[in-house]
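Engineer: Handing you this structure, nothing more for now.
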Amino acid sequence: MKSWDAIVIGAGHNGLVNACYLQRAGLDVLVLEKNDWIGGAATSRSLTPGFLYSNCSYVCSLFRPEIMRDLELPRFGLQVISYEGGAVFTRDGDYLANYRDHHAHRREFARFSPRDAEAYDRYARDVTRQCRFIQPLLMRTAADPTSFRPRDISELMYLGKKFAGLGATEMADTLRFWTMSISDFLDEYFETDVIKANFALSGIIGTALGPMSPGTAYVLLHHYMGEVDGSVGAWGYARGGMGAVTKALAASFEASGGTIRTGVEVDHVLVRNGSAKGVVLVDGKEIHGKMVVSNADVKRTFLKLVEEKELPGIFLRRVRNFKMRGSSGKVNIALDSMPEFPALPKDSPVYRGDMHFTDSVERMERGYDDWKAGRWSADPFLDMVIPTTLDPTMAPPGKHFMSCFVQYCPPKVEGKEWTDADRDAFGETVISQIADYSPGFRDRILHMEVRTPRELEAEVGLTEGNIFQGELTFDQLLFNRPVPGYAQYRSPVGGLYMCGSSTHPGGGVMGAPGRNAAAEILRDLSRGTKHMSPAHDVI
Amino acid sequence: MTSFDAIVIGGGHNGLVAAATLGKTGRKVLVLEAERETGGAARTEEFAPGFRTSSVAHLINRLHPEVIKSLELHKHGLKLDSSRFMPTTVLSAKGAPLTLAGAYGESLAGASKPEQEAWNGLRSQLFRYAGILKPLLARRPPDLRGMSFAETSAMAMSGISLRRLGKEDMRDFLRMLLMNVADVLDEHLEDDRLKGLLAFDATLGSHLGPRSPTSLLGLYYRLAGEIGGKPGAQMHPVGGTGAVIKAIELAAEQAGVAIRSNVPVARIIIENGRAVGALLESGEEIRAKTVVSAISPRTTFLNLVGTREIDTGFVRRINNIRVDGDAAKLHLALDRIPQFSDLGAPELNGRLVIAPSVNHVERAFNPSKYGEFSPEPVMEITLPSLLDPSLAPDRKCTLSAIVQYAPYALREGWTAGKPKFLKAILAQLEANAPGIGKSILHAELLTPLDIEQRYRMPGGHWHHGELQADQMLMSRPVFGAEGYDTPVDGLYLASSGSHPGGGVSGVPGLNAARRIIARKG
Amino acid sequence: MKHSDPKKLLMARAASQDHFRTPRIASPFQPRIEALMRTEEWYDWAGYKAPLSLWDEELEYFAIRSQAALFDISPMVKYRVEGPDAEAFLNRLSLRDVRKLRPGRVLYTAWCDDEGRVLDDGTLFRLTKNRFRLCSQERHLPWLLDSGIGFDVSIFEETRAIAALALQGPASFAVLRDAGFRNVDTLKVFDLAEFEHEGGTVTISRTGFTGDLGYELFVDQALALGLWDRLWQAGQQRGLRAIGYAALNRARLEAGLIVANSDFMTAEHAIRSDRVRMPDEIGLGFMIDMEKPHFNGRRAIQRARANGGLRHVLVGLEIEGNIPAEHAIVYHQGKREVGLVSAAIWSPMAKRNIALASLERPYGDTITGNLWVEIYAMRELRYQRLMKRAKVVPRPFIKLDRRTANPPADF
């Protein structure tokens, strides 16, 4: 019976990135995917004739350019188109737009506050500083501060030196920044509600925190660190939806000789004498491999795919304590025609970007209060895009696809499992918010896909529907992600590795966990990593 | 014109500690107190005929041993009787109460066996971790300026003495440090009452809910304090908190410190960028080599120093200090001892907490974010006259409670809001002590706005600024004034607004004085 | 959503929100500049569409030095500072002693953050006792407003409301006089006065950015075109030319004047904390008045001066040969890297190869000998590397008596 060099469980973007790097290092790699389609949460499926949806993930910004280069994703068909703008609609019928042009942006802000318009430069400077400090950490394995291994110590020294290089005032600012709420942070720069709301949204997307929760300023960075073709912080559409990313990864993987099997569900990891030797499928078949890499989240991996007896108690305790409460939902809509937003000029670039309806930090925070109480937000925060304004391949001519990321949406409804009726009511909340700003919106709807954490868990396999495979709070970042002592992609089981977003540096379609895991695996195999181009310089 | 070595502005406990410590070195020190009497928010006052109470601070739980020792407070009348440790009882309107006895729940009454065991485990873990932070809360915060990275990290390492922990403990410590208290409690405990209490204690005096990240720090802060040699313990000193003030004041006077009351300072006199004295509201000018401000850092810089003598970036930082308080203080004069379920004397002599669950505390917190008070407030209640009969007329009783959440900037304004909030509080009390409403002779509710006005604390915040991670250590009160010295030569800070923060600890005052002595100020 | 009269509301808003259609603002003088524009060489000056050159960069430069040149400075950021505490506010804000600035006078000054790092340099016009105009390269409204805490002062931005022109060159006085601005001859250098124009007023100061005889004119934007025409008409006999920034940049370099975010990084824009500069490090140390009341950055500046915290120095260099050394690295003894040239030209006026450079002390400060610049001159797809000797020389590189002569000469 064949024994693969490596078996990757899950064909999400990180699993595929990991598999690509391993295959290109000369390993014989098999990727197993339980669904009939690949991509995990980065997938494009056609749920109604002629339309392609970005079913879960909908924005391409964080994906590391180094990985695109190494894996030749443009050659395998990946095209990313940048947003041209964005806006927050206000309840009084106006909107605040974000434009790419710096001066247009400033003048737009000046409509609301001349002071805020000019405060933007300092804000952008300070956020950029923080990003520059953090960004190099994305593509490095997090050092273990409790270890005395030379590698960890030198990594810690590197961090220390970088930190000391900031200068005293910037050091103090950085220390504050890390624990501040995005709301408090913004209060130090801006005076206008809608302008604060405009920036606050990046502090909460995907997190189970409100904008007034300490630590959300850091989450902002997590969303700003992306770059599209060298433009740092840019967000964009993948042509053909987010499935195009994993499609290109799969093509790259297969072109280098890798094998993907879909519709194959792993029941558990085969462990012999403390080492992973392969997997056992739900149908009882065994597939043998010299190592197993799990793209599944840390809870699914160790609470479902590995037998309890194979794991130390302290590790299990920490895995159980890992927080991954889902906080968002998704509503995908096929539209018969382009929706109208009377507030917005017809030629506005905002249509080709992301739109929001939450014009104050307070509304956002109240939405979070609902989530804490186990309900979906009555007045949710939407991140709405119409990708077909830039990528007509996703809908028949003249028709449009709209993607709404919705926050907050709890993993359970007041402690009970979601029902279909709950899901429909949740979808209705979203539609009614959009319809408030877009007359006739309902009449344009051809088909709708409503996804709550229940659907995300059932289809994609994300425990509790958490899109980042684990909340992005301090206790779950860097050397604590996913659990202290096992934050370097290895696990207590020999030959069993983790490569999903549960690991450092976390979620978003970034690819860094998959790549970092591959680097650690190849290190363990004493294999070269020449096919991995070095992380981009931040100078 | 008289001249002093040091003027201390503000006769609160920190001001007095600073003054006494400086006085002991032979310096000629003058304390200027704006009010009739010293003590600030820790003084004991009459709030109804014959009824007295400790004003804002009604318990002692962190008066620092070094302060007690170096000022020999025992010699000056401070009586800390470890038999007077107060137990804490979590009230439950529906079920049985739960009591944490000893210093801080050494034993647990009213909980299931497994819960007691779980609590013992968590309790020792919390104390162990709080103990790591303890040295950091006693000394001057690390200096980011004059230090190489190696020194800073060495200091941080030794400071938090992480190495004493085993590897796994160290990992848990690092993971938990900035967590929210609710998640930590859920990882260990089942009992809603116990979790409610711990959530309450973690968030008391701060604008955080138990589910806010970093809220565990509040609990560490509490457990890093000690009294009578017991970390986490609390007591009501004989004579109220005012008695502690009296003892410090006596120590100061014995050290030759002059104390003047009823002398509000109008301005700190600055010449060529150096603080050289104080101008009183009366117009009197007093000169000194060193000026110590033991009042709010915000007032110090924006009002007494004035923006003309400091830089814009610094003014920005000062303005950005979040100082709005969320805690109100309730004083009730009762014509009899209230009945809280069927609690006996030991429990009634202790601390009674209304915080039935973590979710309840969190729900109480929610409205405060939007400038609304909690419709079902949480609170810490004491009945001081049971411990010290001199505080109330015979057979009568005083009730003193800290109540959350009462945002300083109430959207509807406190004039309209105060009666409503009082009603909400009394409803909670009534639910836990049926009949208490009828026994009220007089009720005094101090909202943060009242506290601001009465005790000259901007925002009515007893820490002189939120004690949250981003306002701690070198960010307390702001970077640039974090080590008690300030951009203005000769001007030092010594209030709770400075590291490590509030509570009647005396540490800011002690550290400020030591800094002045070290710099020969 | 509530709309009182949705249609009307939307129309009013539509008018104010077309930034995405016109990302570059047109100056009030745009119709005249467009009419004269031949080369279509534009650049972005603080969000304005501004001419780099209009017809011939070389000839535009000579218009400054030999005739008269008209340069649109409307994009310059302008703030109005008013109130009983305006003087005290500006004195705390900036380095120089504003108490010594009389109404009707202009001051070149700079301002710093708490760390003594320069936020910008600019000109301060004292219009009356309690009314000032502050002009600068960058925008500073939040800093100015926050600096106003505790002062009875109001601050607002008036960049778009006020149009401004620089009229520079030997014939500039004659053009103004011929345009009918009576008594303009009484203006001494750094004086300002108000003059009548089309029922309004124009503020004329004897200031400029060329080191030459010259004036700057400020007027309500509604009166802008009339002012241009008035000058243009009067200037026909004097060879008045409209010019772009390229020509002006040469003149300013000859005059040894620095430009924010070109010759030094301003404190609010530098991302890298080691790129910022204190006044003493960019040749603005002369502005620092330690005798006046407290000002922003004073303590940091004092500390840096006392503790050797000044790491850089900005110097004027004269470089052998005639190849401009822009962005060349400066070496000591041809080996040790000691700094960078921020701007350089062959000076047609001084007939010297001049440059501004930022050097690491002690180079340029106590060690001024044996400096070299490494010029990479791209010539037909090949870098020709030239190692040229550089000499630290005083600024300005040219000194023209006509700039300060009283009364101004009638060229």
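In the structure tokens, chains take the letters A, B, ... in the order shown, each chain's residues start at 1, and ligands count up from 1 in the order shown.
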Using DSSP on the backbone, list every residue of stretch 264-467 of chain B that comes out as strand (DSSP E or B), and give them as a VMD selection string.
Structural biologist: chain B and resid 265 to 271 274 to 280 285 to 293 328 to 334 351 to 354 378 to 382 397 to 404 440 to 446
Engineer: Once you count only C-alpha atoms, what closest atom pair and distance in Å to one decimal does each residue of chain C within 12 Å of chain B have, with rows by chain and rising residue number, as a tab-separated table?
Structural biologist:
residue	atom	partner	partner_atom	distance
C:Asp85	CA	B:Arg308	CA	11.0
C:Ala88	CA	B:Arg308	CA	8.4
C:Phe89	CA	B:Arg308	CA	8.1
C:Leu90	CA	B:Arg308	CA	10.7
C:Asn91	CA	B:Arg308	CA	9.5
C:Arg92	CA	B:Arg308	CA	6.5
C:Leu93	CA	B:Thr312	CA	8.2
C:Ser94	CA	B:Asp311	CA	11.0
C:Trp111	CA	B:Thr312	CA	11.1
C:Cys112	CA	B:Asp311	CA	9.4
C:Asp113	CA	B:Gly313	CA	6.6
C:Asp114	CA	B:Asp311	CA	5.5
C:Glu115	CA	B:Gly313	CA	8.9
C:Gly116	CA	B:Asp311	CA	9.8
C:Arg117	CA	B:Gly313	CA	11.7
C:Leu119	CA	B:Gly313	CA	11.8
C:Pro142	CA	B:Arg316	CA	10.4
C:Trp143	CA	B:Thr312	CA	7.5
C:Leu144	CA	B:Thr312	CA	8.8
C:Leu145	CA	B:Thr312	CA	9.6
C:Asp146	CA	B:Thr312	CA	6.4
C:Ser147	CA	B:Thr312	CA	5.1
C:Gly148	CA	B:Thr312	CA	8.6
C:Ile149	CA	B:Thr307	CA	6.9
C:Gly150	CA	B:Thr307	CA	5.8
C:Phe151	CA	B:Thr307	CA	8.3
C:Asp152	CA	B:Arg308	CA	11.9
C:Ala267	CA	B:Gly313	CA	11.9
C:Glu268	CA	B:Gly313	CA	11.4
C:Met290	CA	B:Asn272	CA	9.5
C:Glu291	CA	B:Asn272	CA	8.8
C:Lys292	CA	B:Asn272	CA	9.2
C:Pro293	CA	B:Asn272	CA	7.5
C:His294	CA	B:Glu309	CA	5.6
C:Phe295	CA	B:Asp311	CA	7.1
C:Asn296	CA	B:Asp311	CA	4.8
C:Gly297	CA	B:Asp311	CA	6.6
C:Arg298	CA	B:Asp311	CA	8.4
C:Arg299	CA	B:Pro487	CA	7.7
C:Ala300	CA	B:Pro487	CA	9.5
C:Gln302	CA	B:Gly273	CA	11.3
C:Arg303	CA	B:Pro487	CA	11.6
Engineer: Using only C-alpha atoms, which residues of chain B come within 8 Å of chain A, and what is the closest atom pair for each, with the distance in Å to one decimal? Give it as a Markdown table, sorted by chain and residue number.
Structural biologist:
| residue | atom | partner | partner_atom | distance |
| --- | --- | --- | --- | --- |
| B:Leu144 | CA | A:Ala168 | CA | 5.5 |
| B:Arg145 | CA | A:Ala168 | CA | 5.2 |
| B:Ser148 | CA | A:Ala164 | CA | 7.5 |
| B:Phe149 | CA | A:Ala164 | CA | 5.9 |
| B:Lys167 | CA | A:Thr146 | CA | 6.4 |
| B:Met170 | CA | A:Thr146 | CA | 7.1 |
| B:Arg171 | CA | A:Pro484 | CA | 5.8 |
| B:Asp172 | CA | A:Pro484 | CA | 7.4 |
| B:Leu174 | CA | A:Asp475 | CA | 7.7 |
| B:Arg175 | CA | A:Asp475 | CA | 4.7 |
| B:Met176 | CA | A:Asp475 | CA | 6.2 |
| B:Leu177 | CA | A:Asp475 | CA | 7.6 |
| B:Leu178 | CA | A:Phe474 | CA | 6.4 |
| B:Met179 | CA | A:Asp475 | CA | 6.1 |
| B:Glu187 | CA | A:Asn321 | CA | 6.5 |
| B:Ser212 | CA | A:Ser213 | CA | 5.5 |
| B:Pro213 | CA | A:Pro214 | CA | 5.5 |
| B:Thr214 | CA | A:Pro214 | CA | 6.9 |
| B:Asn320 | CA | A:Glu188 | CA | 6.4 |
| B:Asn366 | CA | A:Asp369 | CA | 7.0 |
| B:Tyr370 | CA | A:Glu362 | CA | 7.0 |
| B:Ala469 | CA | A:Thr179 | CA | 6.1 |
| B:Asp470 | CA | A:Arg176 | CA | 4.4 |
| B:Gln471 | CA | A:Arg176 | CA | 7.4 |
| B:Met474 | CA | A:Ala172 | CA | 6.9 |
| B:Ser475 | CA | A:Ala172 | CA | 6.8 |
| B:Phe479 | CA | A:Ala172 | CA | 6.6 |
Engineer: For those residues, write C-alpha atoms to a file as a compact mmCIF listing (two decimals), in the first residue's frame.
Structural biologist:
# COMPACT_ATOMS: atom_id res chain seq x y z
CA LEU B 144 11.90 53.43 28.16
CA ARG B 145 14.21 56.32 27.49
CA SER B 148 18.99 49.55 26.25
CA PHE B 149 16.76 46.70 25.24
CA LYS B 167 7.38 26.36 32.30
CA MET B 170 4.67 30.59 32.88
CA ARG B 171 2.83 29.75 29.67
CA ASP B 172 -0.53 30.02 31.36
CA LEU B 174 1.49 34.78 29.62
CA ARG B 175 -1.66 33.54 27.98
CA MET B 176 -3.97 34.80 30.69
CA LEU B 177 -2.35 38.16 31.30
CA LEU B 178 -4.55 40.18 28.99
CA MET B 179 -7.60 37.93 28.94
CA GLU B 187 -12.58 27.83 32.03
CA SER B 212 -13.86 43.04 27.94
CA PRO B 213 -10.36 41.83 27.08
CA THR B 214 -7.81 42.77 29.78
CA ASN B 320 -6.62 61.65 26.11
CA ASN B 366 -23.52 47.62 28.54
CA TYR B 370 -23.68 54.79 25.75
CA ALA B 469 -3.72 48.16 30.29
CA ASP B 470 -3.18 51.16 28.03
CA GLN B 471 -3.13 53.49 31.01
CA MET B 474 4.78 53.83 31.49
CA SER B 475 1.50 55.05 30.10
CA PHE B 479 4.14 58.84 28.74
Engineer: Using only C-alpha atoms, find which residues of chain A lie within 6 Å of chain C and jot them down as a list in words.
Structural biologist: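 Output check: Arg91, Asp92, His103, Ala104, Arg115, Ala119, Arg122, Arg125 and Arg129 of chain A.
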Engineer: Generate the output file for the selected residues, C-alpha atoms, as a compact mmCIF listing (two decimals), in the first residue's frame.
Structural biologist:
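So selection.txt came out as:
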# COMPACT_ATOMS: atom_id res chain seq x y z
CA ARG A 91 -28.92 57.69 8.28
CA ASP A 92 -29.62 61.23 7.10
CA HIS A 103 -6.58 64.59 -1.75
CA ALA A 104 -10.04 63.52 -2.85
CA ARG A 115 -10.07 68.89 11.50
CA ALA A 119 -6.00 64.41 11.17
CA ARG A 122 -1.18 61.49 11.32
CA ARG A 125 1.24 57.53 9.69
CA ARG A 129 4.17 52.50 11.83
Engineer: Can you pull out every residue within 8 Å of B:Ile321, counting only C-alpha atoms, but drop anything in the same chain fewer than 6 positions away, and send it as a list in words?
Structural biologist: Arg298, Gly465, Glu466, Gln471, Pro477 and Val478 of chain B
Engineer: Write out the residues from the selection above, keeping C-alpha atoms, as a short mmCIF file (atom, residue, chain, number, x, y, z; two decimals), in the first residue's frame.
Structural biologist:
data_model
loop_
_atom_site.label_atom_id
_atom_site.label_comp_id
_atom_site.auth_asym_id
_atom_site.auth_seq_id
_atom_site.Cartn_x
_atom_site.Cartn_y
_atom_site.Cartn_z
CA ARG B 298 -5.36 66.28 34.49
CA GLY B 465 -8.03 57.82 35.25
CA GLU B 466 -9.05 54.39 34.02
CA GLN B 471 -3.13 53.49 31.01
CA PRO B 477 -0.83 58.95 33.67
CA VAL B 478 0.82 59.60 30.30
#
Engineer: What separation in Å, quoted to one decimal, exists between atom CA of B:Gly10 and atom CA of B:Ala202?
Structural biologist: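 Between atom CA of B:Gly10 and atom CA of B:Ala202 the gap is 28.4 Å.
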Engineer: List as a PDB file with N, CA and C atoms, in the first residue's frame the protein and nucleic acid residues near stretch 345-361 of chain A, meaning an atom at most 6 Å away when only C-alpha atoms are counted, but skip any in the same chain fewer than 5 places from it.
Structural biologist:
ATOM      1  N   TYR A  83     -10.276  47.331  -5.099  1.00  0.00           N
ATOM      2  CA  TYR A  83     -11.452  48.185  -4.886  1.00  0.00           C
ATOM      3  C   TYR A  83     -11.108  49.596  -5.361  1.00  0.00           C
ATOM      4  N   GLU A  84     -12.125  50.307  -5.822  1.00  0.00           N
ATOM      5  CA  GLU A  84     -11.867  51.683  -6.258  1.00  0.00           C
ATOM      6  C   GLU A  84     -12.305  52.709  -5.224  1.00  0.00           C
ATOM      7  N   GLY A  85     -12.973  52.245  -4.215  1.00  0.00           N
ATOM      8  CA  GLY A  85     -13.422  53.191  -3.198  1.00  0.00           C
ATOM      9  C   GLY A  85     -14.178  52.450  -2.124  1.00  0.00           C
ATOM     10  N   GLY A  86     -14.972  53.178  -1.385  1.00  0.00           N
ATOM     11  CA  GLY A  86     -15.779  52.573  -0.342  1.00  0.00           C
ATOM     12  C   GLY A  86     -16.593  53.667   0.306  1.00  0.00           C
ATOM     13  N   ALA A  87     -17.598  53.282   1.076  1.00  0.00           N
ATOM     14  CA  ALA A  87     -18.411  54.318   1.710  1.00  0.00           C
ATOM     15  C   ALA A  87     -19.168  53.790   2.908  1.00  0.00           C
ATOM     16  N   VAL A  88     -19.466  54.702   3.791  1.00  0.00           N
ATOM     17  CA  VAL A  88     -20.417  54.441   4.866  1.00  0.00           C
ATOM     18  C   VAL A  88     -21.620  55.338   4.596  1.00  0.00           C
ATOM     19  N   PHE A  89     -22.773  54.738   4.452  1.00  0.00           N
ATOM     20  CA  PHE A  89     -23.986  55.539   4.283  1.00  0.00           C
ATOM     21  C   PHE A  89     -24.432  56.048   5.651  1.00  0.00           C
ATOM     22  N   THR A  90     -24.935  57.254   5.678  1.00  0.00           N
ATOM     23  CA  THR A  90     -25.408  57.788   6.952  1.00  0.00           C
ATOM     24  C   THR A  90     -26.932  57.788   6.973  1.00  0.00           C
ATOM     25  N   ASP A 193     -18.444  61.098  14.225  1.00  0.00           N
ATOM     26  CA  ASP A 193     -18.941  59.731  14.376  1.00  0.00           C
ATOM     27  C   ASP A 193     -18.736  58.875  13.138  1.00  0.00           C
ATOM     28  N   VAL A 194     -19.188  59.392  12.007  1.00  0.00           N
ATOM     29  CA  VAL A 194     -19.169  58.552  10.807  1.00  0.00           C
ATOM     30  C   VAL A 194     -17.728  58.268  10.368  1.00  0.00           C
ATOM     31  N   ALA A 197     -16.575  55.564  12.644  1.00  0.00           N
ATOM     32  CA  ALA A 197     -17.201  54.291  12.256  1.00  0.00           C
ATOM     33  C   ALA A 197     -16.509  53.722  11.019  1.00  0.00           C
ATOM     34  N   PHE A 381     -23.907  45.182  11.379  1.00  0.00           N
ATOM     35  CA  PHE A 381     -22.892  45.841  10.578  1.00  0.00           C
ATOM     36  C   PHE A 381     -22.680  45.015   9.312  1.00  0.00           C
ATOM     37  N   LEU A 382     -22.800  45.663   8.151  1.00  0.00           N
ATOM     38  CA  LEU A 382     -22.600  44.955   6.887  1.00  0.00           C
ATOM     39  C   LEU A 382     -21.354  45.456   6.187  1.00  0.00           C
ATOM     40  N   ASP A 383     -20.603  44.534   5.629  1.00  0.00           N
ATOM     41  CA  ASP A 383     -19.564  44.915   4.680  1.00  0.00           C
ATOM     42  C   ASP A 383     -20.051  44.362   3.345  1.00  0.00           C
ATOM     43  N   MET A 384     -20.568  45.268   2.527  1.00  0.00           N
ATOM     44  CA  MET A 384     -21.276  44.850   1.318  1.00  0.00           C
ATOM     45  C   MET A 384     -20.472  45.211   0.068  1.00  0.00           C
ATOM     46  N   VAL A 385     -20.314  44.250  -0.795  1.00  0.00           N
ATOM     47  CA  VAL A 385     -19.637  44.530  -2.066  1.00  0.00           C
ATOM     48  C   VAL A 385     -20.457  43.952  -3.221  1.00  0.00           C
ATOM     49  N   THR A 389     -19.429  44.599 -10.404  1.00  0.00           N
ATOM     50  CA  THR A 389     -19.140  45.911 -10.982  1.00  0.00           C
ATOM     51  C   THR A 389     -17.749  45.918 -11.595  1.00  0.00           C
TER      52      THR A 389
END
Engineer: Skipping near chain neighbours, those fewer than 5 positions away, what residues fall within 10 Å of C:Pro396 using only C-alpha atoms, listed as a list in words?
Structural biologist: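 Contacts, in chain order: Gly211, Arg252, Leu253, Glu254, Ala255, Gly256, Leu257 and Gly316 of chain C.
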Engineer: Using only N, CA and C atoms, please write the residues we just selected to a file, as a short mmCIF file (atom, residue, chain, number, x, y, z; two decimals), in the first residue's frame.
Structural biologist:
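The file below, out-v9.cif, is the result:
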data_model
loop_
_atom_site.label_atom_id
_atom_site.label_comp_id
_atom_site.auth_asym_id
_atom_site.auth_seq_id
_atom_site.Cartn_x
_atom_site.Cartn_y
_atom_site.Cartn_z
N GLY C 211 14.91 84.74 -3.26
CA GLY C 211 16.13 85.48 -2.92
C GLY C 211 16.28 86.73 -3.76
N ARG C 252 14.91 79.18 -5.63
CA ARG C 252 14.92 79.00 -4.17
C ARG C 252 16.19 78.31 -3.72
N LEU C 253 16.70 77.43 -4.57
CA LEU C 253 17.92 76.73 -4.21
C LEU C 253 19.10 77.70 -4.22
N GLU C 254 19.12 78.58 -5.19
CA GLU C 254 20.17 79.61 -5.21
C GLU C 254 20.08 80.47 -3.96
N ALA C 255 18.85 80.69 -3.52
CA ALA C 255 18.66 81.51 -2.32
C ALA C 255 18.92 80.70 -1.06
N GLY C 256 19.17 79.41 -1.23
CA GLY C 256 19.51 78.56 -0.08
C GLY C 256 18.32 78.22 0.79
N LEU C 257 17.12 78.31 0.25
CA LEU C 257 15.92 78.07 1.06
C LEU C 257 15.54 76.59 1.01
N GLY C 316 25.09 73.95 2.97
CA GLY C 316 25.18 74.27 1.56
C GLY C 316 26.50 73.72 1.04
#
Engineer: As a ChimeraX atom specification, please: every residue in stretch 405-454 of chain B that DSSP puts in helix (DSSP H, G or I).
Structural biologist: /B:414-432,436-439,448-454
Engineer: Can you work out the spacing between atom CA of C:Tyr376 and atom CA of C:Asn353 in Å, to one decimal?
Structural biologist: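 Interatomic distance here is 15.1 Å.
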Engineer: For atom CA of A:Ile434 and atom CA of A:Asn466, quote the distance in Å rounded to one decimal.
Structural biologist: 24.3 Å
Engineer: Would you please work out which residue, of B:Val56, B:Ala345, B:Ala433, B:Val184, is nearest to B:Ser400 when using only C-alpha atoms?
Structural biologist: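 Using only C-alpha atoms, the shortest distance to B:Ser400 belongs to B:Val56.
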Engineer: For B:Leu71, list every protein, DNA or RNA residue within 8 Å, evaluated using only C-alpha atoms, and leave out those in the same chain fewer than 3 positions away; present the list as a list of chain:residue names.
Structural biologist: B:Val17, B:Ala20, B:Thr21, B:Val67, B:Ile68, B:Ile248, B:Ala251
Engineer: Show which residues sit within 12 Å of B:Lys79, as a list in words. Count only C-alpha atoms, and ignore same-chain residues fewer than 2 positions away.
Structural biologist: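 Listed by chain and then number, they are Ile60, Ile68, Glu72, Leu73, His74, Lys75, His76, Gly77, Asp81, Ser82, Ser83, Arg84, Ile227, Gly228, Met235, His236, Pro237, Val238, Gly239, Gly240, Thr241, Ala243, Val244, Lys246 and Ala247 of chain B.
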Engineer: Taking into account only C-alpha atoms, which residue in the set B:Gly95, B:Gly325, B:Pro210, B:Gly502 is nearest to B:Arg363?
Structural biologist: B:Pro210
